[in-house]
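K.L.:
The structure file final-v6.txt (compact mmCIF, C-alpha atoms) is provided below.
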```txt
# COMPACT_ATOMS: atom_id res chain seq x y z
CA MET O 4 -38.05 -49.31 -41.74
CA SER O 5 -38.98 -50.26 -45.29
CA ASP O 6 -37.42 -47.12 -46.81
CA THR O 7 -34.02 -47.72 -45.16
CA VAL O 8 -31.60 -48.89 -47.86
CA ILE O 9 -28.38 -48.95 -45.79
CA ARG O 10 -28.19 -49.93 -42.13
CA VAL O 11 -24.77 -50.07 -40.44
CA GLU O 12 -24.53 -51.43 -36.88
CA ASN O 13 -21.38 -51.43 -34.72
CA LEU O 14 -19.14 -51.68 -37.78
CA GLY O 15 -15.42 -52.17 -37.22
CA LYS O 16 -12.42 -52.82 -39.44
CA LYS O 17 -9.10 -53.89 -37.96
CA TYR O 18 -5.77 -54.05 -39.77
CA ILE O 19 -2.58 -55.67 -38.53
CA ILE O 20 0.36 -53.34 -39.11
CA GLY O 21 3.78 -54.92 -39.29
CA HIS O 22 6.88 -53.08 -38.11
CA GLN O 23 10.45 -53.96 -38.83
CA THR O 24 13.24 -52.69 -36.62
CA GLN O 25 15.85 -50.83 -38.60
CA GLU O 26 19.42 -51.90 -38.09
CA LYS O 27 22.18 -49.35 -38.16
CA TYR O 28 24.67 -49.81 -40.99
CA THR O 29 27.90 -51.32 -39.67
CA ALA O 30 31.17 -51.53 -41.59
CA LEU O 31 33.53 -54.50 -41.29
CA ARG O 32 36.11 -52.39 -39.45
CA ASP O 33 33.49 -51.56 -36.81
CA VAL O 34 32.73 -55.23 -36.28
CA ILE O 35 36.41 -56.08 -35.77
CA ALA O 36 37.08 -53.08 -33.51
CA ASN O 37 34.05 -53.57 -31.32
CA GLY O 38 33.95 -57.33 -31.33
CA ALA O 39 36.58 -58.06 -28.74
CA LYS O 40 36.05 -55.18 -26.35
CA GLY O 41 32.27 -55.36 -26.37
CA LEU O 42 31.65 -59.06 -26.28
CA PHE O 43 31.16 -59.47 -22.54
CA LYS O 44 29.25 -56.20 -22.17
CA SER O 45 26.92 -57.09 -25.01
CA LEU O 46 26.13 -60.48 -23.58
CA ARG O 47 25.34 -58.94 -20.23
CA ASN O 48 23.29 -55.94 -21.33
CA GLN O 49 21.75 -56.93 -24.65
CA LYS O 50 17.97 -56.55 -24.69
CA PHE O 51 16.68 -58.90 -27.30
CA LYS O 52 13.79 -57.54 -29.41
CA PRO O 53 12.04 -59.28 -32.23
CA ALA O 54 13.20 -58.08 -35.63
CA ASN O 55 9.54 -57.76 -36.61
CA TYR O 56 6.53 -56.97 -34.48
CA GLN O 57 2.89 -56.23 -35.17
CA GLU O 58 0.19 -53.97 -33.80
CA GLU O 59 -3.54 -53.60 -34.30
CA PHE O 60 -4.99 -50.57 -36.04
CA TRP O 61 -8.75 -49.96 -36.10
CA ALA O 62 -9.58 -47.95 -39.22
CA LEU O 63 -13.26 -48.05 -38.15
CA LYS O 64 -14.77 -48.86 -34.78
CA ASP O 65 -18.37 -48.95 -33.51
CA VAL O 66 -19.76 -47.12 -36.56
CA SER O 67 -23.57 -47.08 -36.76
CA PHE O 68 -25.98 -45.12 -38.99
CA GLU O 69 -28.97 -45.48 -41.31
CA ILE O 70 -29.50 -44.08 -44.81
CA LYS O 71 -32.93 -43.94 -46.40
CA GLN O 72 -33.96 -44.25 -50.02
CA GLY O 73 -33.31 -41.08 -52.00
CA ASP O 74 -30.92 -39.59 -49.42
CA ARG O 75 -27.86 -37.75 -50.68
CA VAL O 76 -25.30 -38.13 -47.89
CA GLY O 77 -21.83 -36.60 -47.67
CA ILE O 78 -19.11 -38.50 -45.81
CA ILE O 79 -16.55 -36.03 -44.46
CA GLY O 80 -13.46 -36.20 -42.29
CA ARG O 81 -9.76 -35.56 -42.46
CA ASN O 82 -7.27 -37.93 -44.08
CA GLY O 83 -7.11 -41.17 -42.11
CA ALA O 84 -10.57 -40.75 -40.58
CA GLY O 85 -11.83 -43.99 -42.18
CA LYS O 86 -13.88 -42.62 -45.09
CA SER O 87 -12.37 -44.77 -47.84
CA THR O 88 -12.42 -47.88 -45.64
CA LEU O 89 -16.12 -47.34 -44.97
CA LEU O 90 -16.92 -47.00 -48.67
CA LYS O 91 -14.90 -50.11 -49.54
CA ILE O 92 -16.87 -52.12 -46.99
CA LEU O 93 -20.19 -50.76 -48.24
CA SER O 94 -19.08 -51.60 -51.79
CA ARG O 95 -18.19 -55.15 -50.69
CA ILE O 96 -14.58 -54.67 -51.75
CA THR O 97 -13.33 -55.55 -48.27
CA GLU O 98 -14.91 -57.42 -45.36
CA PRO O 99 -15.55 -55.82 -41.95
CA THR O 100 -13.88 -57.22 -38.85
CA GLN O 101 -17.03 -56.81 -36.79
CA GLY O 102 -20.56 -55.45 -37.01
CA ASN O 103 -23.42 -55.81 -39.46
CA ILE O 104 -24.35 -54.15 -42.74
CA LYS O 105 -27.69 -54.44 -44.49
CA ILE O 106 -27.98 -53.01 -48.00
CA LYS O 107 -31.13 -53.09 -50.12
CA GLY O 108 -30.59 -52.59 -53.84
CA ARG O 109 -27.84 -52.63 -56.45
CA VAL O 110 -24.68 -50.70 -55.59
CA ALA O 111 -22.45 -48.92 -58.12
CA SER O 112 -19.14 -47.66 -56.73
CA LEU O 113 -16.55 -45.23 -58.03
CA LEU O 114 -13.85 -45.20 -55.38
CA GLU O 115 -10.72 -44.58 -57.43
CA VAL O 116 -9.72 -44.10 -61.04
CA GLY O 117 -10.75 -47.12 -63.08
CA THR O 118 -12.62 -48.97 -60.35
CA GLY O 119 -14.17 -52.10 -61.85
CA PHE O 120 -12.47 -51.73 -65.23
CA HIS O 121 -10.39 -54.44 -66.88
CA PRO O 122 -7.36 -52.66 -68.37
CA GLU O 123 -7.02 -55.02 -71.34
CA LEU O 124 -10.64 -54.56 -72.43
CA THR O 125 -11.87 -51.65 -74.53
CA GLY O 126 -14.13 -48.91 -73.27
CA ARG O 127 -17.07 -50.55 -75.07
CA GLU O 128 -16.35 -53.95 -73.50
CA ASN O 129 -15.97 -52.46 -70.04
CA ILE O 130 -19.37 -50.79 -70.26
CA TYR O 131 -21.00 -54.16 -70.90
CA LEU O 132 -18.85 -55.84 -68.25
CA ASN O 133 -19.86 -53.34 -65.57
CA GLY O 134 -23.51 -53.60 -66.52
CA ALA O 135 -23.34 -57.39 -66.23
CA ILE O 136 -21.70 -57.08 -62.79
CA LEU O 137 -24.66 -54.92 -61.73
CA GLY O 138 -27.02 -57.67 -62.88
CA MET O 139 -28.34 -55.89 -65.97
CA SER O 140 -29.25 -57.67 -69.17
CA LYS O 141 -27.52 -56.90 -72.47
CA VAL O 142 -30.71 -55.23 -73.71
CA GLU O 143 -30.79 -52.91 -70.65
CA ILE O 144 -27.14 -51.95 -71.11
CA LYS O 145 -27.61 -51.31 -74.82
CA ARG O 146 -30.51 -48.98 -74.04
CA LYS O 147 -28.18 -46.82 -71.91
CA PHE O 148 -25.06 -47.24 -74.06
CA ASP O 149 -25.31 -44.10 -76.21
CA GLU O 150 -26.13 -41.94 -73.19
CA ILE O 151 -23.05 -43.25 -71.33
CA VAL O 152 -20.73 -42.60 -74.26
CA ALA O 153 -22.12 -39.09 -74.81
CA PHE O 154 -21.68 -38.20 -71.14
CA ALA O 155 -18.10 -39.56 -70.99
CA GLU O 156 -17.05 -37.85 -74.25
CA VAL O 157 -14.81 -40.76 -75.28
CA GLU O 158 -16.39 -41.70 -78.64
CA LYS O 159 -13.04 -41.69 -80.50
CA PHE O 160 -11.46 -44.09 -78.00
CA LEU O 161 -14.42 -46.41 -77.41
CA ASP O 162 -12.67 -49.40 -79.03
CA THR O 163 -9.28 -48.68 -77.43
CA PRO O 164 -8.12 -50.71 -74.38
CA VAL O 165 -8.71 -48.55 -71.30
CA LYS O 166 -5.13 -49.11 -70.13
CA ARG O 167 -4.20 -46.52 -72.77
CA TYR O 168 -6.68 -43.95 -71.43
CA SER O 169 -5.52 -40.85 -69.60
CA SER O 170 -6.64 -40.48 -65.99
CA GLY O 171 -9.24 -37.92 -67.10
CA MET O 172 -10.71 -40.27 -69.71
CA TYR O 173 -10.75 -43.09 -67.16
CA VAL O 174 -12.73 -40.98 -64.70
CA ARG O 175 -15.20 -39.73 -67.30
CA LEU O 176 -16.06 -43.21 -68.50
CA ALA O 177 -16.06 -44.77 -65.03
CA PHE O 178 -18.43 -42.14 -63.66
CA ALA O 179 -20.69 -42.31 -66.70
CA VAL O 180 -21.00 -46.08 -66.32
CA ALA O 181 -21.60 -45.93 -62.57
CA ALA O 182 -24.23 -43.18 -62.79
CA HIS O 183 -26.17 -44.29 -65.87
CA LEU O 184 -26.61 -48.02 -65.32
CA GLU O 185 -29.42 -47.30 -62.86
CA PRO O 186 -28.05 -48.53 -59.52
CA GLU O 187 -30.28 -48.03 -56.49
CA ILE O 188 -27.23 -46.82 -54.55
CA LEU O 189 -24.37 -44.76 -56.03
CA ILE O 190 -21.16 -44.52 -53.98
CA VAL O 191 -18.62 -41.93 -55.15
CA ASP O 192 -15.27 -41.07 -53.61
CA GLU O 193 -13.66 -37.77 -54.52
CA VAL O 194 -12.20 -39.08 -57.78
CA LEU O 195 -13.83 -36.10 -59.49
CA ALA O 196 -10.79 -34.03 -58.55
CA VAL O 197 -9.02 -35.66 -61.51
CA GLY O 198 -11.50 -34.24 -64.01
CA ASP O 199 -11.67 -30.67 -65.26
CA ALA O 200 -14.04 -28.08 -63.78
CA GLN O 201 -16.66 -28.50 -66.51
CA PHE O 202 -16.76 -32.27 -66.06
CA GLN O 203 -16.95 -31.96 -62.26
CA LYS O 204 -19.95 -29.67 -62.63
CA LYS O 205 -21.62 -32.17 -64.96
CA CYS O 206 -20.98 -35.01 -62.51
CA LEU O 207 -22.43 -33.09 -59.57
CA GLY O 208 -25.51 -32.30 -61.64
CA LYS O 209 -25.90 -35.97 -62.52
CA MET O 210 -25.60 -37.05 -58.87
CA GLU O 211 -28.25 -34.51 -57.89
CA GLU O 212 -30.47 -35.86 -60.66
CA VAL O 213 -29.92 -39.44 -59.43
CA GLY O 214 -31.01 -38.39 -55.94
CA LYS O 215 -34.15 -36.70 -57.21
CA GLU O 216 -35.06 -39.90 -59.06
CA GLY O 217 -35.31 -41.63 -55.66
CA ARG O 218 -31.93 -43.31 -55.77
CA THR O 219 -29.39 -42.98 -52.96
CA VAL O 220 -26.03 -41.21 -53.23
CA LEU O 221 -23.05 -41.48 -50.86
CA PHE O 222 -20.38 -38.91 -51.64
CA VAL O 223 -16.97 -38.49 -50.02
CA SER O 224 -15.40 -35.05 -50.43
CA HIS O 225 -13.01 -32.61 -48.79
CA GLN O 226 -14.83 -29.70 -50.45
CA MET O 227 -17.45 -28.57 -47.95
CA ALA O 228 -19.11 -26.22 -50.44
CA THR O 229 -19.73 -29.21 -52.72
CA VAL O 230 -21.11 -31.30 -49.85
CA THR O 231 -23.59 -28.61 -48.81
CA THR O 232 -24.68 -28.08 -52.42
CA LEU O 233 -25.17 -31.73 -53.28
CA CYS O 234 -26.08 -33.43 -49.99
CA GLN O 235 -28.95 -32.98 -47.55
CA ARG O 236 -27.15 -34.91 -44.78
CA ALA O 237 -23.55 -35.38 -43.74
CA ILE O 238 -21.74 -37.95 -41.61
CA TRP O 239 -18.52 -36.73 -39.98
CA LEU O 240 -15.93 -39.43 -39.28
CA LEU O 241 -13.22 -38.75 -36.73
CA ASN O 242 -10.55 -41.32 -35.81
CA GLY O 243 -12.60 -44.14 -37.31
CA GLN O 244 -15.84 -43.27 -35.51
CA VAL O 245 -18.98 -41.28 -36.26
CA HIS O 246 -18.30 -37.98 -34.56
CA GLN O 247 -21.51 -36.22 -35.61
CA GLU O 248 -24.22 -36.57 -38.27
CA GLY O 249 -27.14 -34.44 -39.37
CA ASN O 250 -28.01 -31.55 -41.67
CA SER O 251 -25.10 -30.96 -44.07
CA ASP O 252 -24.96 -27.19 -43.46
CA TRP O 253 -24.69 -27.68 -39.70
CA ILE O 254 -22.22 -30.59 -39.82
CA THR O 255 -19.87 -28.94 -42.33
CA SER O 256 -19.91 -25.74 -40.28
CA LYS O 257 -18.82 -27.67 -37.18
CA TYR O 258 -16.23 -29.58 -39.17
CA LEU O 259 -14.61 -26.45 -40.58
CA ILE O 260 -14.00 -24.90 -37.16
CA HIS O 261 -12.89 -28.19 -35.60
CA GLY O 262 -9.24 -27.99 -34.59
CA SER O 263 -9.22 -24.19 -34.73
CA GLU O 264 -9.98 -22.08 -31.70
CA LEU O 265 -12.63 -19.52 -30.91
CA SER O 266 -10.46 -17.63 -28.45
CA GLY O 267 -9.78 -14.64 -30.67
CA ASP O 268 -6.03 -14.87 -29.97
CA ILE O 269 -3.83 -17.71 -31.24
CA THR O 270 -0.10 -18.17 -30.84
CA LEU O 271 1.08 -19.99 -33.95
CA THR O 272 3.40 -22.99 -33.65
CA ALA O 273 6.19 -24.04 -35.96
CA GLN O 274 3.80 -25.89 -38.27
CA ASN O 275 4.72 -25.42 -41.95
CA GLN O 276 7.21 -22.72 -41.08
CA ASP O 277 10.22 -21.68 -43.11
CA PRO O 278 13.42 -20.54 -41.35
CA ARG O 279 13.47 -17.41 -43.52
CA PHE O 280 9.96 -16.26 -42.58
CA TYR O 281 7.36 -17.36 -40.05
CA PHE O 282 4.05 -16.29 -38.49
CA LYS O 283 3.95 -15.80 -34.73
CA ARG O 284 0.42 -14.80 -33.73
CA ILE O 285 -3.02 -13.87 -35.00
CA SER O 286 -5.58 -11.91 -32.99
CA LEU O 287 -9.09 -10.55 -33.54
CA LEU O 288 -10.18 -7.29 -31.89
CA ASN O 289 -13.55 -5.56 -31.69
CA SER O 290 -14.29 -1.83 -31.95
CA ASN O 291 -13.14 -1.36 -28.32
CA ASN O 292 -9.79 -3.02 -29.12
CA LYS O 293 -10.67 -6.02 -26.98
CA ILE O 294 -9.71 -9.54 -28.09
CA THR O 295 -12.78 -11.63 -28.87
CA SER O 296 -14.11 -14.22 -31.29
CA VAL O 297 -17.75 -13.03 -31.34
CA PHE O 298 -18.73 -9.82 -33.12
CA ASP O 299 -21.95 -7.95 -33.76
CA VAL O 300 -22.71 -7.48 -37.42
CA LYS O 301 -22.69 -3.71 -36.91
CA GLU O 302 -19.10 -3.50 -35.61
CA ALA O 303 -15.77 -3.56 -37.40
CA ILE O 304 -13.31 -6.43 -36.96
CA LYS O 305 -9.56 -5.92 -36.66
CA ILE O 306 -7.27 -8.75 -37.73
CA CYS O 307 -3.82 -8.41 -36.17
CA LEU O 308 -1.06 -10.58 -37.58
CA GLU O 309 2.48 -10.89 -36.17
CA TYR O 310 5.29 -12.31 -38.26
CA CYS O 311 9.07 -12.36 -38.51
CA SER O 312 11.39 -12.13 -41.48
CA ILE O 313 14.88 -13.48 -40.77
CA LYS O 314 16.34 -12.53 -44.14
CA PRO O 315 15.37 -9.94 -46.72
CA ALA O 316 12.39 -11.36 -48.58
CA LYS O 317 11.96 -10.13 -52.12
CA ASN O 318 8.67 -10.61 -53.98
CA LEU O 319 7.04 -11.91 -50.81
CA GLU O 320 3.25 -12.05 -50.76
CA ILE O 321 1.30 -12.40 -47.50
CA THR O 322 -2.36 -13.38 -47.85
CA ILE O 323 -5.33 -13.58 -45.51
CA ARG O 324 -8.34 -15.51 -46.82
CA VAL O 325 -11.75 -15.67 -45.07
CA TYR O 326 -14.16 -18.60 -45.49
CA ASN O 327 -17.80 -18.90 -44.42
CA SER O 328 -19.35 -21.93 -42.69
CA SER O 329 -19.99 -23.63 -46.06
CA GLY O 330 -16.28 -23.54 -46.87
CA ILE O 331 -16.74 -20.89 -49.55
CA PRO O 332 -13.89 -18.35 -49.73
CA ILE O 333 -15.50 -14.93 -49.29
CA PHE O 334 -12.49 -12.75 -50.04
CA SER O 335 -8.69 -12.51 -49.84
CA ILE O 336 -6.50 -9.67 -48.63
CA ASN O 337 -2.97 -9.39 -50.04
CA ARG O 338 -0.17 -7.40 -48.47
CA SER O 339 0.97 -6.17 -51.89
CA SER O 340 -2.29 -4.33 -52.43
CA SER O 341 -1.05 -1.68 -49.97
CA LEU O 342 2.72 -2.24 -49.64
CA LYS O 343 5.63 -3.14 -51.89
CA ILE O 344 6.36 -6.86 -52.27
CA GLU O 345 9.53 -6.83 -50.19
CA VAL O 346 9.98 -7.45 -46.47
CA SER O 347 13.15 -6.39 -44.66
CA PRO O 348 14.49 -8.49 -41.74
CA GLY O 349 12.69 -7.93 -38.45
CA ASN O 350 9.45 -8.49 -36.50
CA TYR O 351 6.19 -7.03 -37.81
CA ILE O 352 2.64 -6.41 -36.65
CA ALA O 353 0.10 -5.96 -39.45
CA GLU O 354 -3.47 -4.78 -38.90
CA ILE O 355 -6.39 -5.12 -41.28
CA GLU O 356 -9.87 -3.80 -40.48
CA LEU O 357 -13.01 -5.41 -41.88
CA PRO O 358 -15.79 -2.82 -42.04
CA ALA O 359 -19.04 -3.02 -40.08
CA ASN O 360 -22.17 -4.29 -41.84
CA PHE O 361 -20.05 -6.28 -44.26
CA LEU O 362 -20.15 -10.00 -43.40
CA VAL O 363 -23.53 -11.58 -42.74
CA PRO O 364 -24.17 -13.45 -39.44
CA ASP O 365 -22.33 -16.78 -39.68
CA THR O 366 -19.22 -18.67 -38.51
CA TYR O 367 -15.99 -17.88 -40.34
CA THR O 368 -12.45 -19.27 -40.53
CA ILE O 369 -9.24 -17.60 -41.64
CA ASP O 370 -6.35 -19.02 -43.66
CA ILE O 371 -3.04 -17.21 -43.69
CA GLY O 372 -0.09 -17.80 -45.95
CA ALA O 373 3.19 -16.38 -47.20
CA HIS O 374 4.59 -17.24 -50.59
CA VAL O 375 6.71 -16.05 -53.46
CA PRO O 376 4.25 -16.03 -56.37
CA LYS O 377 4.78 -18.93 -58.79
CA VAL O 378 7.96 -19.95 -56.93
CA GLU O 379 7.40 -21.36 -53.43
CA VAL O 380 5.22 -21.37 -50.33
CA LEU O 381 7.02 -20.27 -47.15
CA SER O 382 4.19 -20.76 -44.65
CA HIS O 383 0.53 -21.74 -44.74
CA TYR O 384 -2.05 -22.16 -41.98
CA GLN O 385 -5.50 -23.52 -42.77
CA SER O 386 -8.30 -22.51 -40.38
CA SER O 387 -5.76 -20.69 -38.22
CA ILE O 388 -8.53 -18.95 -36.25
CA SER O 389 -12.33 -18.81 -36.26
CA PHE O 390 -14.90 -16.19 -35.33
CA GLU O 391 -18.65 -15.68 -35.27
CA ILE O 392 -20.76 -12.75 -36.37
CA GLU O 393 -24.05 -12.39 -34.55
CA GLU O 394 -27.08 -10.16 -35.04
CA THR O 395 -28.14 -8.75 -31.69
CA GLY O 396 -30.60 -6.15 -32.92
CA SER O 397 -33.87 -6.52 -34.79
CA ASP O 398 -33.39 -4.70 -38.09
CA MET O 399 -31.42 -7.59 -39.60
CA SER O 400 -32.98 -10.51 -37.75
CA LEU O 401 -34.20 -12.13 -40.97
CA TYR O 402 -30.75 -12.18 -42.53
CA LYS O 403 -28.82 -15.35 -41.69
CA GLY O 404 -25.98 -16.94 -43.65
CA SER O 405 -26.68 -18.22 -47.14
CA ALA O 406 -30.39 -17.36 -46.87
CA PHE O 407 -29.35 -13.76 -47.45
CA GLY O 408 -25.99 -14.05 -49.21
CA VAL O 409 -22.38 -13.83 -48.14
CA VAL O 410 -21.90 -10.07 -47.68
CA PHE O 411 -23.90 -6.94 -47.06
CA LEU O 412 -23.48 -4.05 -49.48
CA ASP O 413 -24.08 -0.47 -48.43
CA LEU O 414 -24.59 1.16 -51.83
CA ASN O 415 -26.01 4.55 -52.63
CA TRP O 416 -29.61 4.29 -53.79
CA ARG O 417 -30.46 7.22 -56.04
CA GLU O 418 -34.10 8.04 -56.60
CA ASP O 419 -35.71 10.87 -58.62
CA HIS O 420 -39.38 11.70 -58.55
CA ILE O 421 -40.22 12.27 -62.20
CA SER O 422 -44.01 12.29 -62.35
CA VAL O 423 -47.25 11.24 -60.71
CA CYS O 424 -48.43 7.66 -61.30
CA ARG O 425 -51.62 7.38 -63.38
```
Output the file's structure as structure tokens, nothing else.
P.N.:
Amino acid sequence: MSDTVIRVENLGKKYIIGHQTQEKYTALRDVIANGAKGLFKSLRNQKFKPANYQEEFWALKDVSFEIKQGDRVGIIGRNGAGKSTLLKILSRITEPTQGNIKIKGRVASLLEVGTGFHPELTGRENIYLNGAILGMSKVEIKRKFDEIVAFAEVEKFLDTPVKRYSSGMYVRLAFAVAAHLEPEILIVDEVLAVGDAQFQKKCLGKMEEVGKEGRTVLFVSHQMATVTTLCQRAIWLLNGQVHQEGNSDWITSKYLIHGSELSGDITLTAQNQDPRFYFKRISLLNSNNKITSVFDVKEAIKICLEYCSIKPAKNLEITIRVYNSSGIPIFSINRSSSLKIEVSPGNYIAEIELPANFLVPDTYTIDIGAHVPKVEVLSHYQSSISFEIEETGSDMSLYKGSAFGVVFLDLNWREDHISVCR
């Protein structure tokens, strides 16, 4: 179709990974001692292996999708899913092993700090260099120059070689150049994590503005709340392939609960455990004390957490944090809010009850962690368990997820009749 600006068909990228067998350190005395007695045995039993061998690794395989003009698309997936490889291919930084890509329009990419910058050139020179790479004339670049500098907030260092910039200055200028030189397609990896919160907010606003102007934005992020705010669509990569794509709210919701279980009862493994303290189990119970992962909005939810302290743990903090389907943390519960921050050796069962009519209908995940504040983390489980809240009646049927908010509030509504209306 004429409004399709990116078409990817059966894309694949293969890397050859080299491995080198590690040889055990052998002292001279070992060689002498073992030489005579092991000569015949070694000759008979030695299995010769190449010192180096190679294997194929497909970072991407059979990836296909289309992106239309003006789309703002989030690319999500865990580390190693192939996100950065995909963006490098779309940015023409690396060549695919197989498949076809058709791109219509100029592409500006910001994949890592300082992408496209020459370290020996000044900030001013790099602005003109990047504009020239995009095919813009000097007059066009000059027209945007002041706006770029104002956005990046690097006026004092404009004539300084960028190799002397801090990482934050690098990102500010690189993003300003990429976003303001009017590319038809803007590709941004999550380099914004380097900037401060105020700059990140400004960048997200600029990307939204770019999309509304009819230009296309591809954005890689691990922050699902940012993806749902900025992007209309999301593409979920899993093991180098497109696992699912569609509406960003729906895709990010599925992504967040992927790898966790909806059984309502999870035995925790030794992942991220400390020998001094570890979690054993987390369970969810309804008002009838039955284990489940699906609750009516009108019933309370009990969170049962089992853990073990091997040694006395002073200043220990145990935290439960609940996230909604957009990845937004709704609230946290700390053990110290009810008990002293000290855990004696032994096994424990803790129970926390979430009140009825509190969380709106949605899918939720729970993180749990134990740490000594400002000292160390003893254990941490992301998305340890998931649950759903459903509305089975009719009085709240219009309230669903973010359309209503994140929590219900049952507040007293005081009303006094003071006079007759005239």
K.L.:
Excluding segment 234-249 of chain O and any residue of its chain fewer than 4 positions from it, enumerate the residues within 7 Å of it, using all atoms listed in the file, and give them as number ranges by chain.
P.N.:
O: 62-66, 75-80, 84-86, 230, 254
K.L.:
How close does each residue of segment 53-135 of chain O get to segment 217-226 of chain O, giving the shortest atom pair and distance in Å to one decimal for every residue with an atom at most 12 Å away, counting all atoms listed in the file, sorted by chain and residue number, as a Markdown table?
P.N.:
```
| residue | atom | partner | partner_atom | distance |
| --- | --- | --- | --- | --- |
| O:Glu69 | CA | O:Thr219 | CA | 11.9 |
| O:Ile70 | CA | O:Thr219 | CA | 8.2 |
| O:Lys71 | CA | O:Thr219 | CA | 7.5 |
| O:Gln72 | CA | O:Thr219 | CA | 5.6 |
| O:Gly73 | CA | O:Gly217 | CA | 4.2 |
| O:Asp74 | CA | O:Thr219 | CA | 5.1 |
| O:Arg75 | CA | O:Val220 | CA | 4.7 |
| O:Val76 | CA | O:Leu221 | CA | 5.0 |
| O:Gly77 | CA | O:Phe222 | CA | 4.8 |
| O:Ile78 | CA | O:Val223 | CA | 4.7 |
| O:Ile79 | CA | O:Val223 | CA | 6.1 |
| O:Gly80 | CA | O:His225 | CA | 7.4 |
| O:Arg81 | CA | O:His225 | CA | 7.7 |
| O:Asn82 | CA | O:His225 | CA | 9.1 |
| O:Ala84 | CA | O:Val223 | CA | 11.6 |
| O:Gly85 | CA | O:Val223 | CA | 10.9 |
| O:Lys86 | CA | O:Val223 | CA | 7.1 |
| O:Ser87 | CA | O:Val223 | CA | 8.1 |
| O:Thr88 | CA | O:Val223 | CA | 11.3 |
| O:Leu89 | CA | O:Val223 | CA | 10.2 |
| O:Leu90 | CA | O:Leu221 | CA | 8.5 |
| O:Lys91 | CA | O:Val223 | CA | 11.8 |
| O:Leu93 | CA | O:Leu221 | CA | 10.1 |
| O:Ser94 | CA | O:Leu221 | CA | 10.9 |
| O:Ile106 | CA | O:Thr219 | CA | 11.3 |
| O:Lys107 | CA | O:Thr219 | CA | 10.6 |
| O:Gly108 | CA | O:Arg218 | CA | 9.6 |
| O:Arg109 | CA | O:Arg218 | CA | 10.2 |
| O:Val110 | CA | O:Thr219 | CA | 9.4 |
| O:Ala111 | CA | O:Val220 | CA | 9.8 |
| O:Ser112 | CA | O:Leu221 | CA | 9.4 |
| O:Leu113 | CA | O:Phe222 | CA | 9.8 |
| O:Leu114 | CA | O:Val223 | CA | 9.1 |
| O:Glu115 | CA | O:Val223 | CA | 11.4 |
```
K.L.:
I'd like the interatomic distance between atom CA of Leu288 of chain O and atom CA of Ile321 of chain O, to a tenth of an Å.
P.N.:
20.0 Å
K.L.:
Find the residues near segment 204-209 of chain O: any atom within 8 Å, counting only C-alpha atoms, skip ones fewer than 3 places away on the same chain, and give them as a ChimeraX atom specification.
P.N.:
/O:178,182,195,200-201,212-213,233
K.L.:
Give me the residues within 7 Å of Glu354 of chain O as a list in words, counting all atoms listed in the file and dropping any in the same chain fewer than 3 places off.
P.N.:
Lys305, Ile306, Cys307 and Leu308 of chain O
K.L.:
Name the closest residue to Ser256 of chain O among the candidates O:Glu58, O:Glu391, O:Asp6, O:Glu158; distances are taken between atoms, counting all atoms listed in the file.
P.N.:
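Residue with the minimum atom-to-atom distance to Ser256 of chain O: O:Glu391.
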K.L.:
Can you tell me, as lines of an AutoDock Vina configuration file, the centre and edge lengths (Å, one decimal) of the axis-aligned box enclosing all of segment 337-347 of chain O's listed atoms after padding each side by 3 Å?
P.N.:
```
center_x = 5.1
center_y = -5.5
center_z = -48.5
size_x = 22.1
size_y = 13.7
size_z = 13.8
```
K.L.:
So, counting all atoms listed in the file, which residue among O:Glu123, O:Glu345, O:Glu418, O:Glu185 is closest to Arg146 of chain O?
P.N.:
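Between O:Glu123, O:Glu345, O:Glu418, O:Glu185, the residue approaching Arg146 of chain O most closely is O:Glu185.
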K.L.:
Could you tell me which of O:Met227, O:His121, O:Phe390, O:Asp192 comes closest to Trp253 of chain O if we count only C-alpha atoms?
P.N.:
O:Met227
K.L.:
Skipping near chain neighbours, those fewer than 2 positions away, what residues fall within 7 Å of segment 359-373 of chain O using only C-alpha atoms, listed as a PyMOL selection string?
P.N.:
chain O and resi 260+300-303+319-328+357+380-394+403-404+409-412
K.L.:
Dump C-alpha atoms for the selected residues as a compact mmCIF listing (two decimals), in the frame of the given file?
P.N.:
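File produced: again16.txt:
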```txt
# COMPACT_ATOMS: atom_id res chain seq x y z
CA ILE O 260 -14.00 -24.90 -37.16
CA VAL O 300 -22.71 -7.48 -37.42
CA LYS O 301 -22.69 -3.71 -36.91
CA GLU O 302 -19.10 -3.50 -35.61
CA ALA O 303 -15.77 -3.56 -37.40
CA LEU O 319 7.04 -11.91 -50.81
CA GLU O 320 3.25 -12.05 -50.76
CA ILE O 321 1.30 -12.40 -47.50
CA THR O 322 -2.36 -13.38 -47.85
CA ILE O 323 -5.33 -13.58 -45.51
CA ARG O 324 -8.34 -15.51 -46.82
CA VAL O 325 -11.75 -15.67 -45.07
CA TYR O 326 -14.16 -18.60 -45.49
CA ASN O 327 -17.80 -18.90 -44.42
CA SER O 328 -19.35 -21.93 -42.69
CA LEU O 357 -13.01 -5.41 -41.88
CA VAL O 380 5.22 -21.37 -50.33
CA LEU O 381 7.02 -20.27 -47.15
CA SER O 382 4.19 -20.76 -44.65
CA HIS O 383 0.53 -21.74 -44.74
CA TYR O 384 -2.05 -22.16 -41.98
CA GLN O 385 -5.50 -23.52 -42.77
CA SER O 386 -8.30 -22.51 -40.38
CA SER O 387 -5.76 -20.69 -38.22
CA ILE O 388 -8.53 -18.95 -36.25
CA SER O 389 -12.33 -18.81 -36.26
CA PHE O 390 -14.90 -16.19 -35.33
CA GLU O 391 -18.65 -15.68 -35.27
CA ILE O 392 -20.76 -12.75 -36.37
CA GLU O 393 -24.05 -12.39 -34.55
CA GLU O 394 -27.08 -10.16 -35.04
CA LYS O 403 -28.82 -15.35 -41.69
CA GLY O 404 -25.98 -16.94 -43.65
CA VAL O 409 -22.38 -13.83 -48.14
CA VAL O 410 -21.90 -10.07 -47.68
CA PHE O 411 -23.90 -6.94 -47.06
CA LEU O 412 -23.48 -4.05 -49.48
```
